[in-house]
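Visitor: This is the content of run_18.cif (mmCIF, C-alpha atoms and all ligand atoms):
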```
data_run
loop_
_atom_site.group_PDB
_atom_site.id
_atom_site.type_symbol
_atom_site.label_atom_id
_atom_site.label_comp_id
_atom_site.auth_asym_id
_atom_site.auth_seq_id
_atom_site.Cartn_x
_atom_site.Cartn_y
_atom_site.Cartn_z
ATOM 1 C CA MET N 62 0.000 0.000 0.000
ATOM 2 C CA ARG N 63 1.065 3.568 -0.701
ATOM 3 C CA LEU N 64 0.388 6.095 2.044
ATOM 4 C CA ASP N 65 0.889 9.818 1.463
ATOM 5 C CA VAL N 66 0.733 12.255 4.353
ATOM 6 C CA LEU N 67 0.284 15.992 3.759
ATOM 7 C CA THR N 68 1.343 17.966 6.809
ATOM 8 C CA LEU N 69 2.975 21.163 8.027
ATOM 9 C CA PHE N 70 4.965 19.083 10.529
ATOM 10 C CA PRO N 71 6.562 16.129 8.708
ATOM 11 C CA ASP N 72 9.241 15.752 11.408
ATOM 12 C CA LEU N 73 6.580 14.560 13.858
ATOM 13 C CA PHE N 74 6.352 11.347 11.797
ATOM 14 C CA THR N 75 10.013 10.301 11.703
ATOM 15 C CA PRO N 76 10.262 8.325 14.945
ATOM 16 C CA PHE N 77 6.910 6.688 14.225
ATOM 17 C CA LEU N 78 7.998 5.621 10.740
ATOM 18 C CA ASN N 79 11.341 4.235 11.838
ATOM 19 C CA GLU N 80 10.390 2.215 14.899
ATOM 20 C CA SER N 81 8.471 -0.915 15.650
ATOM 21 C CA ILE N 82 6.079 -2.772 13.420
ATOM 22 C CA VAL N 83 5.367 0.147 11.102
ATOM 23 C CA GLY N 84 9.108 0.751 10.631
ATOM 24 C CA ARG N 85 9.639 -2.902 9.795
ATOM 25 C CA ALA N 86 6.731 -2.886 7.316
ATOM 26 C CA VAL N 87 8.254 0.170 5.604
ATOM 27 C CA ARG N 88 11.708 -1.445 5.420
ATOM 28 C CA ARG N 89 10.211 -4.649 4.027
ATOM 29 C CA GLY N 90 8.392 -2.666 1.339
ATOM 30 C CA LEU N 91 4.931 -3.728 2.484
ATOM 31 C CA VAL N 92 3.883 -0.111 2.846
ATOM 32 C CA ASP N 93 5.403 2.907 1.106
ATOM 33 C CA ILE N 94 4.894 5.995 3.257
ATOM 34 C CA ARG N 95 5.694 9.423 1.815
ATOM 35 C CA LEU N 96 5.580 12.743 3.625
ATOM 36 C CA THR N 97 4.744 15.967 1.817
ATOM 37 C CA ASN N 98 5.365 19.259 3.568
ATOM 38 C CA ILE N 99 2.461 21.540 2.655
ATOM 39 C CA ARG N 100 4.738 24.512 3.266
ATOM 40 C CA SER N 101 6.828 23.568 0.207
ATOM 41 C CA PHE N 102 3.765 24.452 -1.877
ATOM 42 C CA ALA N 103 3.139 27.805 -0.216
ATOM 43 C CA ARG N 104 3.904 31.006 -2.118
ATOM 44 C CA GLY N 105 5.165 34.480 -1.378
ATOM 45 C CA PRO N 106 8.146 35.619 0.628
ATOM 46 C CA HIS N 107 6.756 34.114 3.840
ATOM 47 C CA HIS N 108 5.477 30.785 2.493
ATOM 48 C CA THR N 109 2.178 31.477 4.199
ATOM 49 C CA THR N 110 -0.071 28.450 4.719
ATOM 50 C CA ASP N 111 -2.817 30.038 6.840
ATOM 51 C CA ASP N 112 -4.933 33.171 6.773
ATOM 52 C CA ARG N 113 -7.721 34.945 8.642
ATOM 53 C CA PRO N 114 -11.259 33.589 8.266
ATOM 54 C CA TYR N 115 -13.653 35.443 5.971
ATOM 55 C CA GLY N 116 -16.483 36.755 8.115
ATOM 56 C CA GLY N 117 -14.177 37.250 11.059
ATOM 57 C CA GLY N 118 -13.695 35.248 14.206
ATOM 58 C CA ASP N 119 -10.875 33.719 16.191
ATOM 59 C CA GLY N 120 -8.177 31.498 14.836
ATOM 60 C CA MET N 121 -6.706 30.910 11.408
ATOM 61 C CA VAL N 122 -7.714 28.756 8.445
ATOM 62 C CA MET N 123 -5.390 26.741 6.203
ATOM 63 C CA LYS N 124 -5.256 28.341 2.764
ATOM 64 C CA PRO N 125 -6.573 26.150 -0.073
ATOM 65 C CA GLY N 126 -3.761 26.853 -2.571
ATOM 66 C CA PRO N 127 -0.860 25.085 -0.838
ATOM 67 C CA ILE N 128 -2.970 22.025 -0.031
ATOM 68 C CA PHE N 129 -4.323 21.910 -3.599
ATOM 69 C CA ARG N 130 -0.839 22.073 -5.123
ATOM 70 C CA ALA N 131 0.487 19.507 -2.647
ATOM 71 C CA LEU N 132 -2.361 17.165 -3.662
ATOM 72 C CA GLN N 133 -1.644 17.691 -7.382
ATOM 73 C CA SER N 134 2.017 16.802 -6.797
ATOM 74 C CA ILE N 135 1.187 13.382 -5.412
ATOM 75 C CA GLU N 136 1.787 10.434 -7.683
ATOM 76 C CA ARG N 137 -1.347 8.327 -8.265
ATOM 77 C CA ILE N 138 -0.879 4.682 -7.360
ATOM 78 C CA GLY N 139 -3.411 2.002 -8.295
ATOM 79 C CA GLU N 140 -7.166 2.293 -8.779
ATOM 80 C CA LYS N 141 -8.470 2.211 -5.250
ATOM 81 C CA ARG N 142 -7.485 5.571 -3.751
ATOM 82 C CA ARG N 143 -8.993 7.659 -0.997
ATOM 83 C CA VAL N 144 -8.156 11.207 0.023
ATOM 84 C CA ILE N 145 -8.833 11.496 3.741
ATOM 85 C CA LEU N 146 -9.061 14.641 5.845
ATOM 86 C CA LEU N 147 -8.373 14.211 9.561
ATOM 87 C CA THR N 148 -10.863 16.505 11.265
ATOM 88 C CA PRO N 149 -12.999 16.634 14.423
ATOM 89 C CA GLN N 150 -16.038 16.621 12.059
ATOM 90 C CA GLY N 151 -15.206 13.212 10.595
ATOM 91 C CA ILE N 152 -16.734 9.807 11.127
ATOM 92 C CA ARG N 153 -15.354 8.069 14.193
ATOM 93 C CA PHE N 154 -12.337 5.901 13.370
ATOM 94 C CA GLU N 155 -12.909 2.293 14.392
ATOM 95 C CA GLN N 156 -11.620 -1.170 13.488
ATOM 96 C CA SER N 157 -14.140 -1.695 10.661
ATOM 97 C CA VAL N 158 -12.916 1.540 9.012
ATOM 98 C CA ALA N 159 -9.301 0.364 9.394
ATOM 99 C CA TRP N 160 -10.205 -2.894 7.598
ATOM 100 C CA GLU N 161 -11.851 -1.060 4.691
ATOM 101 C CA LEU N 162 -8.896 1.293 4.303
ATOM 102 C CA SER N 163 -6.425 -1.605 4.422
ATOM 103 C CA ARG N 164 -7.884 -2.847 1.098
ATOM 104 C CA MET N 165 -6.976 0.368 -0.756
ATOM 105 C CA ASP N 166 -3.997 0.831 -3.096
ATOM 106 C CA GLN N 167 -3.332 4.371 -1.882
ATOM 107 C CA LEU N 168 -4.401 6.598 0.999
ATOM 108 C CA VAL N 169 -3.706 10.315 1.054
ATOM 109 C CA LEU N 170 -3.989 11.711 4.577
ATOM 110 C CA ILE N 171 -4.376 15.478 4.964
ATOM 111 C CA CYS N 172 -3.486 16.759 8.433
ATOM 112 C CA GLY N 173 -5.271 19.969 9.362
ATOM 113 C CA ARG N 174 -3.872 22.552 11.764
ATOM 114 C CA TYR N 175 -5.364 25.752 13.228
ATOM 115 C CA GLU N 176 -9.161 25.905 13.066
ATOM 116 C CA GLY N 177 -9.257 23.727 9.951
ATOM 117 C CA VAL N 178 -8.844 23.784 6.181
ATOM 118 C CA ASP N 179 -10.664 25.965 3.653
ATOM 119 C CA GLU N 180 -14.043 24.407 2.868
ATOM 120 C CA ARG N 181 -13.301 24.256 -0.885
ATOM 121 C CA ILE N 182 -10.578 21.665 -0.279
ATOM 122 C CA ARG N 183 -12.977 19.503 1.718
ATOM 123 C CA LYS N 184 -15.759 19.780 -0.879
ATOM 124 C CA GLY N 185 -13.611 19.427 -3.976
ATOM 125 C CA TYR N 186 -10.951 16.900 -3.120
ATOM 126 C CA VAL N 187 -11.733 14.965 0.046
ATOM 127 C CA ASP N 188 -13.406 11.537 -0.177
ATOM 128 C CA LEU N 189 -13.670 10.826 3.521
ATOM 129 C CA GLU N 190 -13.347 12.742 6.806
ATOM 130 C CA ILE N 191 -12.108 10.925 9.889
ATOM 131 C CA SER N 192 -12.032 11.845 13.596
ATOM 132 C CA ILE N 193 -10.344 9.614 16.170
ATOM 133 C CA GLY N 194 -12.672 10.581 19.023
ATOM 134 C CA ASP N 195 -14.306 13.360 20.960
ATOM 135 C CA TYR N 196 -11.383 15.215 22.490
ATOM 136 C CA VAL N 197 -9.603 18.302 21.229
ATOM 137 C CA LEU N 198 -6.116 17.925 19.749
ATOM 138 C CA THR N 199 -3.866 20.544 18.160
ATOM 139 C CA GLY N 200 -3.898 19.039 14.681
ATOM 140 C CA GLY N 201 -4.408 16.004 12.495
ATOM 141 C CA GLU N 202 -0.877 14.584 12.781
ATOM 142 C CA LEU N 203 -1.435 12.248 15.736
ATOM 143 C CA PRO N 204 -4.760 11.073 14.226
ATOM 144 C CA ALA N 205 -2.942 10.394 10.919
ATOM 145 C CA MET N 206 -0.360 8.272 12.750
ATOM 146 C CA ILE N 207 -3.135 6.371 14.489
ATOM 147 C CA VAL N 208 -4.882 5.649 11.191
ATOM 148 C CA ALA N 209 -1.556 4.680 9.567
ATOM 149 C CA ASP N 210 -0.699 2.385 12.481
ATOM 150 C CA ALA N 211 -4.087 0.627 12.613
ATOM 151 C CA VAL N 212 -4.199 0.177 8.819
ATOM 152 C CA THR N 213 -0.570 -0.937 8.405
ATOM 153 C CA ARG N 214 -0.879 -3.850 10.821
ATOM 154 C CA LEU N 215 -3.785 -5.207 8.717
ATOM 155 C CA ILE N 216 -1.766 -5.317 5.484
ATOM 156 C CA PRO N 217 -1.015 -8.963 4.624
ATOM 157 C CA GLY N 218 2.479 -9.962 5.735
ATOM 158 C CA VAL N 219 2.977 -7.107 8.207
ATOM 159 C CA LEU N 220 2.294 -9.168 11.310
ATOM 160 C CA GLY N 221 4.329 -12.353 11.128
ATOM 161 C CA GLY N 222 3.324 -15.750 12.508
ATOM 162 C CA GLU N 223 2.711 -15.539 16.252
ATOM 163 C CA ASN N 224 1.626 -11.924 16.002
ATOM 164 C CA SER N 225 -0.852 -12.404 13.181
ATOM 165 C CA ASN N 226 -3.515 -12.662 15.801
ATOM 166 C CA LEU N 227 -6.194 -11.038 13.688
ATOM 167 C CA GLU N 228 -8.964 -12.584 15.703
ATOM 168 C CA ASP N 229 -7.742 -10.815 18.795
ATOM 169 C CA SER N 230 -10.638 -9.773 20.864
ATOM 170 C CA PHE N 231 -11.277 -6.324 19.493
ATOM 171 C CA GLU N 232 -11.900 -7.918 16.135
ATOM 172 C CA GLU N 233 -14.099 -10.333 18.007
ATOM 173 C CA GLY N 234 -16.087 -7.476 19.527
ATOM 174 C CA LEU N 235 -15.068 -8.485 23.063
ATOM 175 C CA LEU N 236 -12.393 -7.280 25.462
ATOM 176 C CA GLU N 237 -9.411 -9.554 25.988
ATOM 177 C CA TYR N 238 -9.157 -12.120 28.743
ATOM 178 C CA PRO N 239 -6.394 -11.578 31.379
ATOM 179 C CA HIS N 240 -2.852 -12.520 30.385
ATOM 180 C CA TYR N 241 -0.206 -14.074 32.625
ATOM 181 C CA THR N 242 3.427 -15.035 32.174
ATOM 182 C CA ARG N 243 6.238 -16.152 34.483
ATOM 183 C CA PRO N 244 6.823 -16.048 37.402
ATOM 184 C CA ARG N 245 3.932 -18.176 38.657
ATOM 185 C CA ILE N 246 3.812 -16.165 41.885
ATOM 186 C CA PHE N 247 4.401 -12.421 41.765
ATOM 187 C CA GLN N 248 3.957 -10.209 44.852
ATOM 188 C CA ASN N 249 2.029 -13.044 46.472
ATOM 189 C CA GLU N 250 -0.435 -13.190 43.538
ATOM 190 C CA GLU N 251 -0.744 -16.564 41.817
ATOM 191 C CA VAL N 252 -1.518 -17.364 38.204
ATOM 192 C CA PRO N 253 -5.035 -18.890 38.008
ATOM 193 C CA GLU N 254 -4.804 -22.681 38.455
ATOM 194 C CA VAL N 255 -6.729 -23.441 35.252
ATOM 195 C CA LEU N 256 -3.959 -21.910 33.105
ATOM 196 C CA LEU N 257 -1.461 -24.415 34.525
ATOM 197 C CA SER N 258 -3.785 -27.386 34.069
ATOM 198 C CA GLY N 259 -2.862 -28.238 30.480
ATOM 199 C CA ASP N 260 -6.567 -28.825 29.788
ATOM 200 C CA HIS N 261 -6.959 -26.805 26.606
ATOM 201 C CA GLU N 262 -10.746 -27.019 26.441
ATOM 202 C CA LYS N 263 -11.042 -25.852 30.038
ATOM 203 C CA ILE N 264 -8.607 -22.987 29.346
ATOM 204 C CA ARG N 265 -10.516 -21.931 26.250
ATOM 205 C CA LYS N 266 -13.762 -21.830 28.197
ATOM 206 C CA TRP N 267 -12.223 -19.895 31.097
ATOM 207 C CA ARG N 268 -10.763 -17.303 28.750
ATOM 208 C CA ARG N 269 -14.058 -16.931 26.935
ATOM 209 C CA ALA N 270 -15.886 -16.423 30.239
ATOM 210 C CA GLU N 271 -13.309 -13.843 31.382
ATOM 211 C CA SER N 272 -13.644 -11.988 28.061
ATOM 212 C CA ILE N 273 -17.394 -11.856 28.444
ATOM 213 C CA ARG N 274 -17.160 -10.865 32.121
ATOM 214 C CA ARG N 275 -14.817 -7.972 31.388
ATOM 215 C CA THR N 276 -16.857 -6.786 28.452
ATOM 216 C CA PHE N 277 -20.060 -6.931 30.526
ATOM 217 C CA GLN N 278 -18.419 -4.907 33.308
ATOM 218 C CA LYS N 279 -16.370 -2.392 31.332
ATOM 219 C CA ARG N 280 -17.937 -2.128 27.879
ATOM 220 C CA PRO N 281 -21.563 -3.276 27.929
ATOM 221 C CA ASP N 282 -22.061 -1.279 24.696
ATOM 222 C CA LEU N 283 -19.861 -3.832 22.899
ATOM 223 C CA LEU N 284 -21.940 -6.762 24.191
ATOM 224 C CA GLU N 285 -25.139 -5.159 22.923
ATOM 225 C CA LYS N 286 -23.784 -5.056 19.355
ATOM 226 C CA LYS N 287 -22.618 -8.668 19.365
ATOM 227 C CA GLU N 288 -24.569 -11.814 18.549
ATOM 228 C CA LEU N 289 -23.713 -14.402 21.194
ATOM 229 C CA ASN N 290 -23.780 -18.143 20.623
ATOM 230 C CA ARG N 291 -25.386 -20.511 23.089
ATOM 231 C CA GLU N 292 -22.203 -21.079 25.105
ATOM 232 C CA ASP N 293 -21.652 -17.309 25.368
ATOM 233 C CA LYS N 294 -25.223 -16.726 26.517
ATOM 234 C CA GLU N 295 -24.851 -19.359 29.228
ATOM 235 C CA LEU N 296 -21.577 -17.825 30.371
ATOM 236 C CA LEU N 297 -23.152 -14.356 30.427
ATOM 237 C CA ALA N 298 -26.135 -15.588 32.449
ATOM 238 C CA GLU N 299 -23.746 -17.105 35.017
ATOM 239 C CA ILE N 300 -21.631 -13.962 35.192
ATOM 240 C CA ARG N 301 -24.753 -11.810 35.668
ATOM 241 C CA LYS N 302 -25.855 -14.072 38.516
ATOM 242 C CA GLU N 303 -22.439 -13.995 40.237
ATOM 243 C CA LEU N 304 -22.276 -10.234 40.026
ATOM 244 C CA THR N 305 -25.824 -9.698 41.279
ATOM 245 C CA GLU N 306 -25.212 -12.070 44.192
ATOM 246 C CA ALA N 307 -22.078 -10.084 45.012
ATOM 247 C CA GLY N 308 -24.298 -7.005 45.067
ATOM 248 C CA VAL N 309 -22.464 -5.309 42.213
ATOM 249 C CA GLU N 310 -25.206 -3.973 39.971
ATOM 250 C CA LYS N 311 -23.078 -1.332 38.373
ATOM 251 C CA ASN N 312 -19.957 0.545 39.319
ATOM 252 C CA GLY N 313 -21.604 3.839 40.501
ATOM 253 C CA LYS N 314 -18.549 5.833 39.410
ATOM 254 C CA THR N 315 -19.257 9.453 38.559
ATOM 255 C CA THR N 316 -16.004 10.442 36.867
ATOM 256 C CA PRO N 317 -13.417 8.244 35.118
ATOM 257 C CA LEU N 318 -10.801 8.899 37.828
ATOM 258 C CA ALA N 319 -13.061 8.227 40.821
ATOM 259 C CA LYS N 320 -11.864 5.328 42.988
HETATM 260 C C1 LIG N 401 -13.176 25.453 18.653
HETATM 261 C C2 LIG N 401 -13.742 24.364 17.840
HETATM 262 N N1 LIG N 401 -12.807 23.248 17.616
HETATM 263 C C3 LIG N 401 -13.550 22.101 17.053
HETATM 264 C C4 LIG N 401 -13.804 21.052 18.067
HETATM 265 C C5 LIG N 401 -11.793 23.677 16.661
HETATM 266 C C6 LIG N 401 -10.708 22.714 16.422
HETATM 267 C C7 LIG N 401 -10.102 21.995 17.441
HETATM 268 C C8 LIG N 401 -9.043 21.144 17.174
HETATM 269 C C9 LIG N 401 -10.255 22.539 15.132
HETATM 270 C C10 LIG N 401 -9.199 21.691 14.868
HETATM 271 C C11 LIG N 401 -8.593 21.003 15.906
HETATM 272 C C12 LIG N 401 -7.439 20.127 15.620
HETATM 273 N N2 LIG N 401 -7.833 18.701 15.606
HETATM 274 C C13 LIG N 401 -7.744 17.958 14.537
HETATM 275 O O1 LIG N 401 -7.294 18.428 13.509
HETATM 276 C C14 LIG N 401 -8.225 16.595 14.584
HETATM 277 C C15 LIG N 401 -8.828 15.843 15.632
HETATM 278 C C16 LIG N 401 -9.142 16.166 16.992
HETATM 279 O O2 LIG N 401 -8.901 17.271 17.520
HETATM 280 N N3 LIG N 401 -9.742 15.201 17.747
HETATM 281 C C17 LIG N 401 -10.040 13.959 17.274
HETATM 282 N N4 LIG N 401 -9.777 13.612 16.020
HETATM 283 C C18 LIG N 401 -9.164 14.559 15.225
HETATM 284 S S1 LIG N 401 -8.758 14.313 13.638
HETATM 285 C C19 LIG N 401 -8.148 15.817 13.452
#
```
Could you rewrite the structure in this file as structure tokens?
Guide:
Amino acid sequence: MRLDVLTLFPDLFTPFLNESIVGRAVRRGLVDIRLTNIRSFARGPHHTTDDRPYGGGDGMVMKPGPIFRALQSIERIGEKRRVILLTPQGIRFEQSVAWELSRMDQLVLICGRYEGVDERIRKGYVDLEISIGDYVLTGGELPAMIVADAVTRLIPGVLGGENSNLEDSFEEGLLEYPHYTRPRIFQNEEVPEVLLSGDHEKIRKWRRAESIRRTFQKRPDLLEKKELNREDKELLAEIRKELTEAGVEKNGKTTPLAK
């Protein structure tokens, strides 16, 4: 896949592109990531990329010209291309979007700064607008890295062997079960007996139950979306019963940091 990023801050991407799984995918030629500095396409003695909003108001708007010329300069690769604007007004980025994007030949990611980009760029040249969630950032660069990261790991060959765990629980629509590794006893806390039993069917069932328990407690919205099979429904009924007997109807927390 070819990934083009248009940004005023290309240097923000260098550590991300060189390290870890994405770095390895780049070096192995599985994804070709190119950075375009929008400022190189700005004109005038000051290479201005932003200007005051027509109609007045606070903040600055990214001028259309430099973004337009940066877009024109980008080589077209393949048939399936999408030009994506990272913006708080976009559709929420989620795993299903990452899967769709991973099937494209080329993605062009435009990172906005300031209050946003001139509307004529959005209307004329953008196929898709993406937000990564409802919190306020300073620009589209971190969102672009998040999209690039989530999409890259889905490209065939990027995750090798043991890591190609594409049915990991988020794909499954459930939270993960708890993980343990050595030592067997850490700070007086033991690894659950069942995981040492060697009984693979019992382990599978325990993990499934723990996944469902965690999802029920922490992300009931995920459980509502999911169709459960008979085993899952039985496990959920048991978990509900245990938790009601323990008197835990819901975690009455009022703010995320409350203890
Ligand atoms: C004052 C109104 N703000 C809209 C919520 C203006 C504004 C805030 C932050 C305009 C741009 C930005 C910069 N953010 C992004 O470019 C951005 C973003 C984000 O802030 N949150 C989640 N996803 C994204 S994708 C791009």
Visitor: For ligand LIG 401 (chain N), return the neighbouring residues as a PyMOL selection string (distance at most 10 Å; only C-alpha atoms and all ligand atoms).
Guide: chain N and resi 119-122+146-154+171-178+190-205+207-208
Visitor: Here's the selection I'm unsure about, the PyMOL selection byres (((chain N and resi 91) around 10) and not hetatm); applied to the file above, which residues does it give, as number ranges by chain?
Guide: N: 62-63, 83, 85-90, 92-94, 213, 216-219
Visitor: Selection from above, C-alpha atoms, as a PDB file, in the coordinates of the input, can you write it?
Guide:
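Okay, this is what ended up in selection-v7.pdb:
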```pdb
ATOM      1  CA  MET N  62       0.000   0.000   0.000  1.00  0.00           C
ATOM      2  CA  ARG N  63       1.065   3.568  -0.701  1.00  0.00           C
ATOM      3  CA  VAL N  83       5.367   0.147  11.102  1.00  0.00           C
ATOM      4  CA  ARG N  85       9.639  -2.902   9.795  1.00  0.00           C
ATOM      5  CA  ALA N  86       6.731  -2.886   7.316  1.00  0.00           C
ATOM      6  CA  VAL N  87       8.254   0.170   5.604  1.00  0.00           C
ATOM      7  CA  ARG N  88      11.708  -1.445   5.420  1.00  0.00           C
ATOM      8  CA  ARG N  89      10.211  -4.649   4.027  1.00  0.00           C
ATOM      9  CA  GLY N  90       8.392  -2.666   1.339  1.00  0.00           C
ATOM     10  CA  VAL N  92       3.883  -0.111   2.846  1.00  0.00           C
ATOM     11  CA  ASP N  93       5.403   2.907   1.106  1.00  0.00           C
ATOM     12  CA  ILE N  94       4.894   5.995   3.257  1.00  0.00           C
ATOM     13  CA  THR N 213      -0.570  -0.937   8.405  1.00  0.00           C
ATOM     14  CA  ILE N 216      -1.766  -5.317   5.484  1.00  0.00           C
ATOM     15  CA  PRO N 217      -1.015  -8.963   4.624  1.00  0.00           C
ATOM     16  CA  GLY N 218       2.479  -9.962   5.735  1.00  0.00           C
ATOM     17  CA  VAL N 219       2.977  -7.107   8.207  1.00  0.00           C
TER      18      VAL N 219
END
```
Visitor: Which one is closest to Phe77 in chain N: N:Leu170, N:Ile145, N:Ala209, N:His108? Count all atoms listed in the file.
Guide: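 Checking each candidate against Phe77 in chain N, we get N:Ala209 as the closest.
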Visitor: For the atom pair CA of Thr97 in chain N and CA of Val66 in chain N, what is the interatomic distance in Å to one decimal place?
Guide: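 Going from CA of Thr97 in chain N over to CA of Val66 in chain N covers 6.0 Å.
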Visitor: Can you pull out the residues contacting range 259-276 of chain N? Cut-off 12 Å, using only C-alpha atoms, and skip same-chain residues under 6 positions away; I want them as a VMD selection string.
Guide: chain N and resid 229 to 231 233 to 241 253 282 to 287 289 to 290 292 to 304
Visitor: So which one's closest to Thr109 in chain N, N:Lys141, N:Thr305, N:Asn79, N:Leu69? Using all atoms listed in the file, please.
Guide: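 Nearest to Thr109 in chain N: N:Leu69.
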Visitor: Starting from the PyMOL selection byres (((chain N and resi 143) around 6) and not hetatm), expand the selection into actual residues of this file and give them as a CSV table (one decimal) with C-alpha atoms, in the coordinates of the input.
Guide:
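File produced: out11.csv:
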```csv
chain,number,residue,atom,x,y,z
N,142,ARG,CA,-7.5,5.6,-3.8
N,144,VAL,CA,-8.2,11.2,0.0
N,168,LEU,CA,-4.4,6.6,1.0
N,188,ASP,CA,-13.4,11.5,-0.2
```
Visitor: In Å to one decimal, how far is CA of Ser81 in chain N from CA of Ala131 in chain N?
Guide: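 Those two atoms sit 28.6 Å apart.
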Visitor: For Met123 in chain N, list every protein, DNA or RNA residue within 6 Å, evaluated using only C-alpha atoms, and leave out those in the same chain fewer than 2 positions away; present the list as a JSON list (two decimals) with C-alpha atoms, in the coordinates of the input.
Guide:
```json
[["chain", "number", "residue", "atom", "x", "y", "z"],
["N", 110, "THR", "CA", -0.07, 28.45, 4.72],
["N", 111, "ASP", "CA", -2.82, 30.04, 6.84],
["N", 178, "VAL", "CA", -8.84, 23.78, 6.18],
["N", 179, "ASP", "CA", -10.66, 25.96, 3.65]]
```
Visitor: Which residues, written as a tab-separated table (two decimals) with C-alpha atoms, in the coordinates of the input, have at least one atom at most 12 Å from Glu251 in chain N, with all atoms listed in the file counted and residues fewer than 6 positions away on the same chain left out?
Guide:
```tsv
chain	number	residue	atom	x	y	z
N	241	TYR	CA	-0.21	-14.07	32.62
N	242	THR	CA	3.43	-15.04	32.17
N	243	ARG	CA	6.24	-16.15	34.48
N	244	PRO	CA	6.82	-16.05	37.40
N	245	ARG	CA	3.93	-18.18	38.66
N	257	LEU	CA	-1.46	-24.42	34.52
```
Visitor: Kindly give the distance, in Å, that separates CA of Glu140 in chain N and CA of Asp166 in chain N, rounded to a single decimal.
Guide: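 The value is 6.7 Å.
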Visitor: Using the file's own x, y and z axes, so that the box edges lie along x, y and z, what centre and edge lengths in Å (one decimal) does a box around every listed atom of range 253-269 of chain N get when 5 Å is added on each side? Give it as lines of an AutoDock Vina configuration file.
Guide:
```
center_x = -7.8
center_y = -22.9
center_z = 32.4
size_x = 22.6
size_y = 21.9
size_z = 22.2
```
Visitor: Residues around (-2.6, 18.8, -5.6), cut-off 12 Å, counting all atoms listed in the file - what are they as a PyMOL selection string?
Guide: chain N and resi 65+67+97+99+102-103+125-137+144+169+171+182+185-187
